[in-house]
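K.L.:
This is the structure I want to talk about, given as structure tokens.
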There are 6 protein chains.
Amino acid sequence: MPPWRELSGQGWVTAEYEMLPASTRNRRDRTRNKVDGRTHEIQRLIARSLRAAVNMERLGAHTIYLDCDVLQADGGTRTAAITGAYVALCDALDAGEERGLWGNDVRVAAVAAVSVGVVGGQILLDLDYVEDSGAEVDANVVMTDFGEWIEVQATGEQTTFSPDQMTQMLELARVGCQGLFQIQSAALAGAIPRG
Amino acid sequence: MPPWRELSGQGWVTAEYEMLPASTRNRRDRTRNKVDGRTHEIQRLIARSLRAAVNMERLGAHTIYLDCDVLQADGGTRTAAITGAYVALCDALDAGEERGLWGNDVRVAAVAAVSVGVVGGQILLDLDYVEDSGAEVDANVVMTDFGEWIEVQATGEQTTFSPDQMTQMLELARVGCQGLFQIQSAALAGAIPRG
Amino acid sequence: MPPWRELSGQGWVTAEYEMLPASTRNRRDRTRNKVDGRTHEIQRLIARSLRAAVNMERLGAHTIYLDCDVLQADGGTRTAAITGAYVALCDALDAGEERGLWGNDVRVAAVAAVSVGVVGGQILLDLDYVEDSGAEVDANVVMTDFGEWIEVQATGEQTTFSPDQMTQMLELARVGCQGLFQIQSAALAGAIPRG
Amino acid sequence: MPPWRELSGQGWVTAEYEMLPASTRNRRDRTRNKVDGRTHEIQRLIARSLRAAVNMERLGAHTIYLDCDVLQADGGTRTAAITGAYVALCDALDAGEERGLWGNDVRVAAVAAVSVGVVGGQILLDLDYVEDSGAEVDANVVMTDFGEWIEVQATGEQTTFSPDQMTQMLELARVGCQGLFQIQSAALAGAIPRG
Amino acid sequence: MPPWRELSGQGWVTAEYEMLPASTRNRRDRTRNKVDGRTHEIQRLIARSLRAAVNMERLGAHTIYLDCDVLQADGGTRTAAITGAYVALCDALDAGEERGLWGNDVRVAAVAAVSVGVVGGQILLDLDYVEDSGAEVDANVVMTDFGEWIEVQATGEQTTFSPDQMTQMLELARVGCQGLFQIQSAALAGAIPRG
Amino acid sequence: MPPWRELSGQGWVTAEYEMLPASTRNRRDRTRNKVDGRTHEIQRLIARSLRAAVNMERLGAHTIYLDCDVLQADGGTRTAAITGAYVALCDALDAGEERGLWGNDVRVAAVAAVSVGVVGGQILLDLDYVEDSGAEVDANVVMTDFGEWIEVQATGEQTTFSPDQMTQMLELARVGCQGLFQIQSAALAGAIPRG
């Protein structure tokens, strides 16, 4: 938490992200000595995205850590982390509310994220590892449940992309996020096993 | 350069980014012991963007380092770094061509980048430090001179943003990049002093 | 793997151990910058113990990594890691055998480990977190299924211990390990769900 | 010193261990950048062992550092370090007592340590470098002068060991420690030159 | 700033030195992970030299950082850094005086530095890169404008040097520094563009 | 050893320097994580000085490490290290000659070093810790036994120094080094106990 937050009495949401060595098809070396650039980028993205779900003044001078440890990786782990971390954030907010740390109005939006991309000229939703590795364009989109964007990151990995492709990717991401909001609600209602 | 590139005989473009301690209004601590997450993100973005300017097979088994050391910072240093690094890349490609390292067809596109953002409800181009600090939405856009995107990164810093705002930001970024391509051409033609 | 092993054509078994931040009652800071002394000790113990299960010459010039990531911690995580890693080692040996990397005679013993301790003057088996925190003496014992010790580590945490107590702790550990060998067999036979 | 110790007014004893580059037959690389796992293990063992010699409440809110720098290495340097550090600890306790930092009842036990092992099927006391390198079983035992164990660490390096061998190693270690208590007393009485 | 300085109300002058990757003929690797010995030595020399220009009691409890980032390197960068840092120090002292942080009597001497050396048997002033690389003896000398030495560092790189050569090098350095004091004055008077 | 040395078949002499925690009056923190600037400077000085004693071509493609571990510190440890390291270097050269690694003409000069300084206006030789702490000027001088300088480092710690003082310090250092050459010879002849 930046020090001025504490002084101002506002809260903060931060995130850590790591892939277990066994999470990938071929064992991934354990991150012992330094956090690489990709990991930094991802945990900054996760935290930034989830902060949009929270009213920091109502949270008060508390910091919530969202630990995103990837047990099994296939495709968009950063968007899966955001989508899952929202459920964990709701659990944490409920737990804090029960203990009287804050009120029941801290959560201001639901947040979900999905990957889209151009693979073989086709625009695809939620790329798996094989699709992601071969994607010409790769985008990660974070949305609120009232239909606005929190983050749009589109990268031409092997080629550039046109304004039309950009528009189509965003449309497809919108559909994907709407489905994820339903799954998050089911998980929070206990209708889907967690863990 | 990833090892497989060398094996395949393809080239690579990488970038390093650093702000000098005296580049900012208040002295910035020197990066001695570790590269922080923001710096990692920026240099990965710069390198990715400039790679779109180059045909890696024609470059052959060479790596080009683009050093982006910020002497004076105000606003979008990462987009300024991309736009300036393109000029340095052209110089490097010319120098290598003269020495017979590669041919004259390595460069396949011009690349420029600009920041756009929502400040006080207004969509602004090329935010300075004060505007950037108070921006509700902050976007960095990288474009080729044939009008396609290489990278679109839009972040709701203090609020979310609507699809309409996204469209308007991209339109304004396009205008900004077109101006930058002209300035790059003038610099490469020697019409603007460098240095 | 020490370099002389490779030269001699012998195999090696190594281990890594880490507790996830969420594995403990109070969140544990993520091990980012350095591996602390306790972690080093534990992963050296795990690897040493499991090497007793393997004939290195028959394994040939291969290294097996045993990743012990603690998802939920309560009490003797290092002995649980050894006991569980034996099952993973058997899986790995079976997988390598199927792929023709080595024969079916690499495994030469089963290995299990258990904690014993003196708590309130009583000798207890398999201490949980609360018992472990208050233990006067804490011991970790690693045994093979033919009844010999691989490792005996007994530490007077708050007091010293007599030769008689040492004898009783070892007797109790023997009983505990015998139970664990049955559970390992059931797991390997598919009679207990894993994961 | 863990922070709760300071709050509670209790003392602490800690240790550091290092081998000089010239201490070994072949020059050992200087430990510059990191403390390796073996060193961590050893200094934790030394400190733990010597804490058994001290009543922490009577020591009061002081930390004693025991620096164990190995000038000449041959065989059990960790047990030699414990045995020697006890003499240094007595010196430190005397010096503090003279300066009025604590009383003359801080020391509650003498502490000595010795290695035992199985070499060529024989149980040997105080293994030298050659014996230690070839030992089938290697044990380090720390004892108080009233005959109780502080630490028992027995490791099957090349083979496992039976309960009978364990018993015999402990008996031999007891004899060894009794000899060391006499040497420590002579050193503290000034009858042996220190260096 | 060492802590006792702050307690005593005295000031401090410190320096940091770094060569940009592009400052040298062949690109120099960026100093990311550690400051090498040569850099440490140079920044300690710069700071020590400039402290001679300042009355620390009159400076009061302030620390002045002198950032010496080498944009273009050829020959004696450490002596150029000292000579240039004196001008920056004067600017900083003037700025602090205007803001009422200290009085106008903080500066007690001008400081300049120059390299001298023996190249091919000849004593030369202000060696460039080629001369410096082949110098038999290399010396850096720091002087005040009242004619006394602050630092004399003479090193026989490829041969030793006689007392006579030492005398001649110091004489030549004196002449060089006198010229530099005039250039510093002109820069401070605005007669030379800075940049 | 710089890689070009190895290619050219020339030798190299390098040095490491460290003070043991117990070497100083007040315990000195152990250098675990990084080598500080002062240590870097000292070990570079030691190595540079001793290289003047050796003909690198006759040494051939070998590197000699000189470990200077300070067991007891009082005053000029860096000059003591150089003077003592010369004796160790002679031992190493003799040992290598006996093993046929090089001939008996590798050593080309004796090397000794001494500190001189201005303390209370007086020029003193071989400052002890108390003198060194209060010295106005501190110099370290390295000399060969044929009367030439290898290194002259004079620093105005609390004041500047005049050319006359510089001359007098060098004269006194010459006398000091001449005495040290006799002591080194005695040590090499076995007339002084070592260790």
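Starting from 1 in every chain, residues are counted up; chains themselves are A, B, ... following the order of the structure tokens, and ligands are numbered from 1 as listed.
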Can you list, as an mmCIF file with all heavy atoms, in the first residue's frame, every protein, DNA or RNA residue that comes within 9 Å of stretch 28-44 of chain F when you count only C-alpha atoms, leaving out same-chain residues fewer than 3 positions away?
P.N.:
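For reference, out_32.cif as written:
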data_model
loop_
_atom_site.group_PDB
_atom_site.id
_atom_site.type_symbol
_atom_site.label_atom_id
_atom_site.label_comp_id
_atom_site.auth_asym_id
_atom_site.auth_seq_id
_atom_site.Cartn_x
_atom_site.Cartn_y
_atom_site.Cartn_z
ATOM 1 N N GLU D 16 26.931 -17.262 13.866
ATOM 2 C CA GLU D 16 27.276 -17.218 12.451
ATOM 3 C C GLU D 16 28.475 -18.147 12.226
ATOM 4 O O GLU D 16 29.332 -18.286 13.091
ATOM 5 C CB GLU D 16 27.588 -15.795 11.999
ATOM 6 C CG GLU D 16 26.360 -14.907 12.143
ATOM 7 C CD GLU D 16 26.510 -13.526 11.539
ATOM 8 O OE1 GLU D 16 27.602 -13.219 11.019
ATOM 9 O OE2 GLU D 16 25.536 -12.760 11.600
ATOM 10 N N THR D 31 32.163 -16.904 0.344
ATOM 11 C CA THR D 31 30.722 -16.730 0.357
ATOM 12 C C THR D 31 30.402 -15.256 0.281
ATOM 13 O O THR D 31 30.437 -14.550 1.287
ATOM 14 C CB THR D 31 30.123 -17.307 1.654
ATOM 15 O OG1 THR D 31 30.606 -18.621 1.824
ATOM 16 C CG2 THR D 31 28.619 -17.290 1.623
ATOM 17 N N ARG D 32 30.157 -14.779 -0.915
ATOM 18 C CA ARG D 32 29.944 -13.348 -1.072
ATOM 19 C C ARG D 32 28.482 -12.977 -1.221
ATOM 20 O O ARG D 32 27.991 -12.066 -0.592
ATOM 21 C CB ARG D 32 30.671 -12.833 -2.317
ATOM 22 C CG ARG D 32 32.155 -12.732 -2.156
ATOM 23 C CD ARG D 32 32.503 -11.623 -1.199
ATOM 24 N NE ARG D 32 33.880 -11.202 -1.422
ATOM 25 C CZ ARG D 32 34.611 -10.615 -0.492
ATOM 26 N NH1 ARG D 32 34.135 -10.381 0.718
ATOM 27 N NH2 ARG D 32 35.840 -10.249 -0.740
ATOM 28 N N ASN D 33 27.821 -13.688 -2.077
ATOM 29 C CA ASN D 33 26.514 -13.198 -2.465
ATOM 30 C C ASN D 33 25.362 -13.857 -1.736
ATOM 31 O O ASN D 33 24.306 -13.297 -1.607
ATOM 32 C CB ASN D 33 26.325 -13.375 -3.971
ATOM 33 C CG ASN D 33 27.238 -12.448 -4.729
ATOM 34 O OD1 ASN D 33 27.412 -11.296 -4.338
ATOM 35 N ND2 ASN D 33 27.845 -12.945 -5.788
ATOM 36 N N LYS D 34 25.569 -15.055 -1.262
ATOM 37 C CA LYS D 34 24.465 -15.705 -0.588
ATOM 38 C C LYS D 34 25.017 -16.762 0.362
ATOM 39 O O LYS D 34 26.117 -17.280 0.179
ATOM 40 C CB LYS D 34 23.502 -16.336 -1.592
ATOM 41 C CG LYS D 34 24.168 -17.334 -2.521
ATOM 42 C CD LYS D 34 23.130 -18.200 -3.207
ATOM 43 C CE LYS D 34 23.786 -19.398 -3.852
ATOM 44 N NZ LYS D 34 22.845 -20.407 -4.294
ATOM 45 N N VAL D 35 24.251 -17.017 1.366
ATOM 46 C CA VAL D 35 24.580 -18.069 2.308
ATOM 47 C C VAL D 35 23.925 -19.340 1.796
ATOM 48 O O VAL D 35 22.715 -19.376 1.614
ATOM 49 C CB VAL D 35 24.055 -17.695 3.699
ATOM 50 C CG1 VAL D 35 24.374 -18.779 4.695
ATOM 51 C CG2 VAL D 35 24.641 -16.370 4.130
ATOM 52 N N LYS E 34 24.155 -4.882 -9.846
ATOM 53 C CA LYS E 34 25.100 -4.546 -8.812
ATOM 54 C C LYS E 34 26.000 -3.426 -9.310
ATOM 55 O O LYS E 34 26.173 -3.230 -10.511
ATOM 56 C CB LYS E 34 25.930 -5.765 -8.419
ATOM 57 C CG LYS E 34 26.657 -6.423 -9.573
ATOM 58 C CD LYS E 34 27.745 -7.343 -9.078
ATOM 59 C CE LYS E 34 28.655 -7.722 -10.233
ATOM 60 N NZ LYS E 34 29.879 -8.369 -9.787
ATOM 61 N N VAL E 35 26.516 -2.689 -8.372
ATOM 62 C CA VAL E 35 27.468 -1.646 -8.683
ATOM 63 C C VAL E 35 28.849 -2.280 -8.602
ATOM 64 O O VAL E 35 29.222 -2.834 -7.579
ATOM 65 C CB VAL E 35 27.328 -0.501 -7.675
ATOM 66 C CG1 VAL E 35 28.333 0.592 -7.960
ATOM 67 C CG2 VAL E 35 25.918 0.037 -7.704
ATOM 68 N N ASP E 36 29.596 -2.232 -9.689
ATOM 69 C CA ASP E 36 30.885 -2.912 -9.647
ATOM 70 C C ASP E 36 31.920 -2.107 -8.868
ATOM 71 O O ASP E 36 31.685 -0.965 -8.478
ATOM 72 C CB ASP E 36 31.368 -3.238 -11.059
ATOM 73 C CG ASP E 36 31.609 -1.988 -11.882
ATOM 74 O OD1 ASP E 36 31.652 -0.885 -11.320
ATOM 75 O OD2 ASP E 36 31.755 -2.117 -13.099
ATOM 76 N N GLY E 37 33.044 -2.731 -8.620
ATOM 77 C CA GLY E 37 34.065 -2.130 -7.780
ATOM 78 C C GLY E 37 34.549 -0.794 -8.310
ATOM 79 O O GLY E 37 34.706 0.165 -7.560
ATOM 80 N N ARG E 38 34.755 -0.718 -9.626
ATOM 81 C CA ARG E 38 35.253 0.518 -10.214
ATOM 82 C C ARG E 38 34.265 1.670 -9.991
ATOM 83 O O ARG E 38 34.657 2.789 -9.642
ATOM 84 C CB ARG E 38 35.469 0.283 -11.716
ATOM 85 C CG ARG E 38 35.983 1.489 -12.454
ATOM 86 C CD ARG E 38 36.091 1.200 -13.953
ATOM 87 N NE ARG E 38 36.203 2.443 -14.684
ATOM 88 C CZ ARG E 38 35.170 3.210 -15.014
ATOM 89 N NH1 ARG E 38 33.946 2.855 -14.686
ATOM 90 N NH2 ARG E 38 35.373 4.340 -15.677
ATOM 91 N N THR E 39 32.975 1.402 -10.179
ATOM 92 C CA THR E 39 31.974 2.441 -9.983
ATOM 93 C C THR E 39 31.958 2.900 -8.533
ATOM 94 O O THR E 39 31.867 4.101 -8.234
ATOM 95 C CB THR E 39 30.591 1.904 -10.412
ATOM 96 O OG1 THR E 39 30.645 1.589 -11.795
ATOM 97 C CG2 THR E 39 29.499 2.929 -10.155
ATOM 98 N N HIS E 40 32.019 1.958 -7.610
ATOM 99 C CA HIS E 40 32.067 2.301 -6.191
ATOM 100 C C HIS E 40 33.231 3.234 -5.890
ATOM 101 O O HIS E 40 33.086 4.249 -5.217
ATOM 102 C CB HIS E 40 32.250 1.023 -5.361
ATOM 103 C CG HIS E 40 30.982 0.488 -4.801
ATOM 104 N ND1 HIS E 40 30.134 1.229 -4.032
ATOM 105 C CD2 HIS E 40 30.430 -0.742 -4.890
ATOM 106 C CE1 HIS E 40 29.109 0.479 -3.676
ATOM 107 N NE2 HIS E 40 29.257 -0.713 -4.187
ATOM 108 N N GLU E 41 34.390 2.843 -6.398
ATOM 109 C CA GLU E 41 35.584 3.630 -6.158
ATOM 110 C C GLU E 41 35.417 5.048 -6.674
ATOM 111 O O GLU E 41 35.774 6.017 -6.003
ATOM 112 C CB GLU E 41 36.744 2.977 -6.924
ATOM 113 C CG GLU E 41 37.881 2.517 -6.068
ATOM 114 C CD GLU E 41 38.979 1.911 -6.895
ATOM 115 O OE1 GLU E 41 38.862 0.705 -7.167
ATOM 116 O OE2 GLU E 41 39.916 2.634 -7.256
ATOM 117 N N ARG E 44 32.886 7.203 -4.664
ATOM 118 C CA ARG E 44 33.468 7.586 -3.379
ATOM 119 C C ARG E 44 34.500 8.713 -3.564
ATOM 120 O O ARG E 44 34.551 9.659 -2.765
ATOM 121 C CB ARG E 44 34.115 6.376 -2.718
ATOM 122 C CG ARG E 44 33.088 5.457 -2.045
ATOM 123 C CD ARG E 44 33.612 4.053 -1.824
ATOM 124 N NE ARG E 44 34.834 4.024 -1.061
ATOM 125 C CZ ARG E 44 34.898 3.932 0.265
ATOM 126 N NH1 ARG E 44 33.776 3.883 0.969
ATOM 127 N NH2 ARG E 44 36.042 3.891 0.875
ATOM 128 N N THR F 14 45.016 -11.991 -8.513
ATOM 129 C CA THR F 14 43.837 -11.314 -7.989
ATOM 130 C C THR F 14 43.833 -11.450 -6.474
ATOM 131 O O THR F 14 44.590 -12.244 -5.899
ATOM 132 C CB THR F 14 42.550 -11.873 -8.638
ATOM 133 O OG1 THR F 14 41.461 -11.028 -8.286
ATOM 134 C CG2 THR F 14 42.256 -13.279 -8.189
ATOM 135 N N ALA F 15 43.015 -10.647 -5.794
ATOM 136 C CA ALA F 15 43.028 -10.660 -4.339
ATOM 137 C C ALA F 15 41.623 -10.536 -3.797
ATOM 138 O O ALA F 15 40.750 -9.937 -4.422
ATOM 139 C CB ALA F 15 43.881 -9.507 -3.806
ATOM 140 N N GLU F 16 41.400 -11.137 -2.658
ATOM 141 C CA GLU F 16 40.162 -10.915 -1.918
ATOM 142 C C GLU F 16 40.528 -10.470 -0.512
ATOM 143 O O GLU F 16 41.530 -10.911 0.051
ATOM 144 C CB GLU F 16 39.307 -12.191 -1.906
ATOM 145 C CG GLU F 16 38.871 -12.556 -3.304
ATOM 146 C CD GLU F 16 37.835 -13.667 -3.364
ATOM 147 O OE1 GLU F 16 37.434 -14.170 -2.298
ATOM 148 O OE2 GLU F 16 37.438 -14.017 -4.486
ATOM 149 N N TYR F 17 39.717 -9.596 0.027
ATOM 150 C CA TYR F 17 40.010 -8.960 1.313
ATOM 151 C C TYR F 17 38.745 -9.004 2.144
ATOM 152 O O TYR F 17 37.660 -8.705 1.644
ATOM 153 C CB TYR F 17 40.441 -7.513 1.070
ATOM 154 C CG TYR F 17 40.482 -6.616 2.285
ATOM 155 C CD1 TYR F 17 41.667 -6.434 3.002
ATOM 156 C CD2 TYR F 17 39.360 -5.915 2.702
ATOM 157 C CE1 TYR F 17 41.714 -5.596 4.107
ATOM 158 C CE2 TYR F 17 39.396 -5.081 3.807
ATOM 159 C CZ TYR F 17 40.568 -4.921 4.502
ATOM 160 O OH TYR F 17 40.617 -4.087 5.599
ATOM 161 N N GLU F 18 38.870 -9.383 3.389
ATOM 162 C CA GLU F 18 37.704 -9.345 4.263
ATOM 163 C C GLU F 18 38.157 -9.249 5.710
ATOM 164 O O GLU F 18 39.162 -9.843 6.096
ATOM 165 C CB GLU F 18 36.843 -10.595 4.063
ATOM 166 C CG GLU F 18 35.429 -10.390 4.543
ATOM 167 C CD GLU F 18 34.453 -11.350 3.897
ATOM 168 O OE1 GLU F 18 34.310 -12.458 4.435
ATOM 169 O OE2 GLU F 18 33.870 -11.020 2.863
ATOM 170 N N MET F 19 37.403 -8.492 6.482
ATOM 171 C CA MET F 19 37.674 -8.415 7.906
ATOM 172 C C MET F 19 36.731 -9.368 8.623
ATOM 173 O O MET F 19 35.516 -9.305 8.435
ATOM 174 C CB MET F 19 37.448 -6.989 8.396
ATOM 175 C CG MET F 19 38.391 -5.982 7.735
ATOM 176 S SD MET F 19 37.934 -4.278 8.101
ATOM 177 C CE MET F 19 38.660 -4.125 9.735
ATOM 178 N N LEU F 20 37.282 -10.229 9.483
ATOM 179 C CA LEU F 20 36.418 -11.097 10.280
ATOM 180 C C LEU F 20 35.601 -10.232 11.242
ATOM 181 O O LEU F 20 36.053 -9.174 11.673
ATOM 182 C CB LEU F 20 37.250 -12.095 11.074
ATOM 183 C CG LEU F 20 37.899 -13.224 10.273
ATOM 184 C CD1 LEU F 20 38.385 -14.318 11.222
ATOM 185 C CD2 LEU F 20 36.927 -13.839 9.286
ATOM 186 N N PRO F 21 34.395 -10.706 11.589
ATOM 187 C CA PRO F 21 33.563 -9.930 12.517
ATOM 188 C C PRO F 21 34.302 -9.582 13.813
ATOM 189 O O PRO F 21 34.116 -8.508 14.371
ATOM 190 C CB PRO F 21 32.374 -10.852 12.779
ATOM 191 C CG PRO F 21 32.273 -11.679 11.563
ATOM 192 C CD PRO F 21 33.685 -11.897 11.080
ATOM 193 N N ALA F 22 35.134 -10.500 14.279
ATOM 194 C CA ALA F 22 35.812 -10.289 15.559
ATOM 195 C C ALA F 22 37.119 -9.523 15.420
ATOM 196 O O ALA F 22 37.826 -9.324 16.409
ATOM 197 C CB ALA F 22 36.080 -11.641 16.226
ATOM 198 N N SER F 23 37.463 -9.086 14.214
ATOM 199 C CA SER F 23 38.772 -8.440 14.027
ATOM 200 C C SER F 23 38.821 -7.028 14.591
ATOM 201 O O SER F 23 39.892 -6.507 14.857
ATOM 202 C CB SER F 23 39.120 -8.418 12.536
ATOM 203 O OG SER F 23 38.253 -7.552 11.835
ATOM 204 N N THR F 24 37.680 -6.425 14.748
ATOM 205 C CA THR F 24 37.630 -5.025 15.172
ATOM 206 C C THR F 24 37.202 -4.914 16.631
ATOM 207 O O THR F 24 36.648 -5.858 17.204
ATOM 208 C CB THR F 24 36.641 -4.246 14.298
ATOM 209 O OG1 THR F 24 35.435 -5.012 14.188
ATOM 210 C CG2 THR F 24 37.202 -4.025 12.904
ATOM 211 N N ARG F 25 37.488 -3.771 17.223
ATOM 212 C CA ARG F 25 37.170 -3.550 18.636
ATOM 213 C C ARG F 25 35.686 -3.831 18.897
ATOM 214 O O ARG F 25 35.324 -4.600 19.771
ATOM 215 C CB ARG F 25 37.500 -2.098 18.993
ATOM 216 C CG ARG F 25 37.356 -1.744 20.446
ATOM 217 C CD ARG F 25 37.729 -0.296 20.654
ATOM 218 N NE ARG F 25 39.140 -0.070 20.364
ATOM 219 C CZ ARG F 25 40.027 0.351 21.267
ATOM 220 N NH1 ARG F 25 39.637 0.623 22.498
ATOM 221 N NH2 ARG F 25 41.273 0.530 20.950
ATOM 222 N N ALA F 47 45.399 -6.330 -5.351
ATOM 223 C CA ALA F 47 45.718 -7.120 -6.539
ATOM 224 C C ALA F 47 46.618 -6.337 -7.489
ATOM 225 O O ALA F 47 47.613 -6.867 -8.007
ATOM 226 C CB ALA F 47 44.426 -7.533 -7.253
ATOM 227 N N ARG F 48 46.278 -5.075 -7.708
ATOM 228 C CA ARG F 48 47.062 -4.227 -8.614
ATOM 229 C C ARG F 48 48.502 -4.137 -8.123
ATOM 230 O O ARG F 48 49.450 -4.211 -8.897
ATOM 231 C CB ARG F 48 46.429 -2.843 -8.618
ATOM 232 C CG ARG F 48 46.464 -2.113 -9.915
ATOM 233 C CD ARG F 48 45.385 -1.045 -9.935
ATOM 234 N NE ARG F 48 45.473 -0.163 -8.781
ATOM 235 C CZ ARG F 48 44.414 0.379 -8.156
ATOM 236 N NH1 ARG F 48 43.192 0.099 -8.580
ATOM 237 N NH2 ARG F 48 44.575 1.177 -7.141
ATOM 238 N N SER F 49 48.649 -3.991 -6.810
ATOM 239 C CA SER F 49 49.991 -3.823 -6.242
ATOM 240 C C SER F 49 50.815 -5.086 -6.431
ATOM 241 O O SER F 49 51.986 -5.037 -6.818
ATOM 242 C CB SER F 49 49.884 -3.489 -4.752
ATOM 243 O OG SER F 49 49.197 -2.268 -4.580
ATOM 244 N N CYS F 68 43.176 -12.264 1.695
ATOM 245 C CA CYS F 68 43.616 -11.426 2.807
ATOM 246 C C CYS F 68 42.472 -11.336 3.807
ATOM 247 O O CYS F 68 41.606 -10.467 3.686
ATOM 248 C CB CYS F 68 44.008 -10.042 2.307
ATOM 249 S SG CYS F 68 45.290 -10.099 1.029
ATOM 250 N N ARG F 78 44.902 -2.357 4.846
ATOM 251 C CA ARG F 78 45.132 -2.595 3.417
ATOM 252 C C ARG F 78 46.622 -2.631 3.094
ATOM 253 O O ARG F 78 47.057 -3.436 2.270
ATOM 254 C CB ARG F 78 44.375 -1.588 2.556
ATOM 255 C CG ARG F 78 44.950 -0.208 2.464
ATOM 256 C CD ARG F 78 44.026 0.728 1.702
ATOM 257 N NE ARG F 78 42.826 1.028 2.506
ATOM 258 C CZ ARG F 78 41.780 1.729 2.064
ATOM 259 N NH1 ARG F 78 41.791 2.217 0.823
ATOM 260 N NH2 ARG F 78 40.761 1.969 2.844
#
K.L.:
Could you go through chain F and tell me which residues DSSP, when run on the backbone, assigns to strand (DSSP E or B), listing them as a PyMOL selection string?
P.N.:
chain F and resi 12-19+54+63-70+107+111-119+122-125+137-144+149-156+161
K.L.:
Hey, which bits of chain E sit within 6 Å of chain F, and for each residue what's the closest pair of atoms and how far apart in Å (one decimal), counting only C-alpha atoms, rows by chain and increasing number, as a tab-separated table?
P.N.:
residue	atom	partner	partner_atom	distance
E:Gly37	CA	F:His40	CA	4.9
E:His40	CA	F:Gly37	CA	4.9
E:Glu41	CA	F:Glu41	CA	5.8
E:Glu148	CA	F:Ser162	CA	4.9
E:Trp149	CA	F:Phe161	CA	5.3
E:Ile150	CA	F:Gly156	CA	5.0
E:Glu151	CA	F:Thr155	CA	4.6
E:Val152	CA	F:Ala154	CA	5.1
E:Gln153	CA	F:Gln153	CA	4.4
E:Ala154	CA	F:Val152	CA	5.1
E:Thr155	CA	F:Glu151	CA	4.6
E:Gly156	CA	F:Ile150	CA	5.0
E:Thr160	CA	F:Ile150	CA	5.0
E:Phe161	CA	F:Trp149	CA	5.3
E:Ser162	CA	F:Glu148	CA	4.9
K.L.:
Quick one: pull the distance between atom CA of F:Leu180 and atom CA of F:Ile82, Å, one decimal.
P.N.:
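Atom CA of F:Ile82 lies 10.9 Å from atom CA of F:Leu180.
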K.L.:
Need the shell around B:Arg58: protein/DNA/RNA residues with any atom at most 8 Å away, counting only C-alpha atoms. Skip same-chain ones fewer than 3 positions apart. Format as a PDB file with N, CA and C atoms, in the first residue's frame?
P.N.:
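Saved file around_25.pdb follows:
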ATOM      1  N   GLN B  10      17.205 -16.115 -37.139  1.00  0.00           N
ATOM      2  CA  GLN B  10      16.412 -14.895 -37.125  1.00  0.00           C
ATOM      3  C   GLN B  10      17.009 -13.868 -36.183  1.00  0.00           C
ATOM      4  N   GLY B  11      16.708 -12.601 -36.428  1.00  0.00           N
ATOM      5  CA  GLY B  11      17.176 -11.518 -35.576  1.00  0.00           C
ATOM      6  C   GLY B  11      16.232 -11.242 -34.424  1.00  0.00           C
ATOM      7  N   ASN B  55      11.685  -6.981 -40.199  1.00  0.00           N
ATOM      8  CA  ASN B  55      11.556  -8.357 -40.690  1.00  0.00           C
ATOM      9  C   ASN B  55      12.727  -9.149 -40.119  1.00  0.00           C
ATOM     10  N   TRP B 102      23.303  -6.637 -43.274  1.00  0.00           N
ATOM     11  CA  TRP B 102      21.993  -7.025 -43.786  1.00  0.00           C
ATOM     12  C   TRP B 102      21.663  -6.109 -44.970  1.00  0.00           C
ATOM     13  N   GLY B 103      20.560  -6.398 -45.613  1.00  0.00           N
ATOM     14  CA  GLY B 103      20.185  -5.624 -46.791  1.00  0.00           C
ATOM     15  C   GLY B 103      19.368  -4.381 -46.456  1.00  0.00           C
ATOM     16  N   ASP B 105      16.172  -3.994 -46.940  1.00  0.00           N
ATOM     17  CA  ASP B 105      14.741  -4.295 -46.870  1.00  0.00           C
ATOM     18  C   ASP B 105      14.347  -4.839 -45.499  1.00  0.00           C
ATOM     19  N   VAL B 106      15.145  -4.529 -44.487  1.00  0.00           N
ATOM     20  CA  VAL B 106      14.836  -5.045 -43.146  1.00  0.00           C
ATOM     21  C   VAL B 106      13.651  -4.302 -42.529  1.00  0.00           C
TER      22      VAL B 106
END
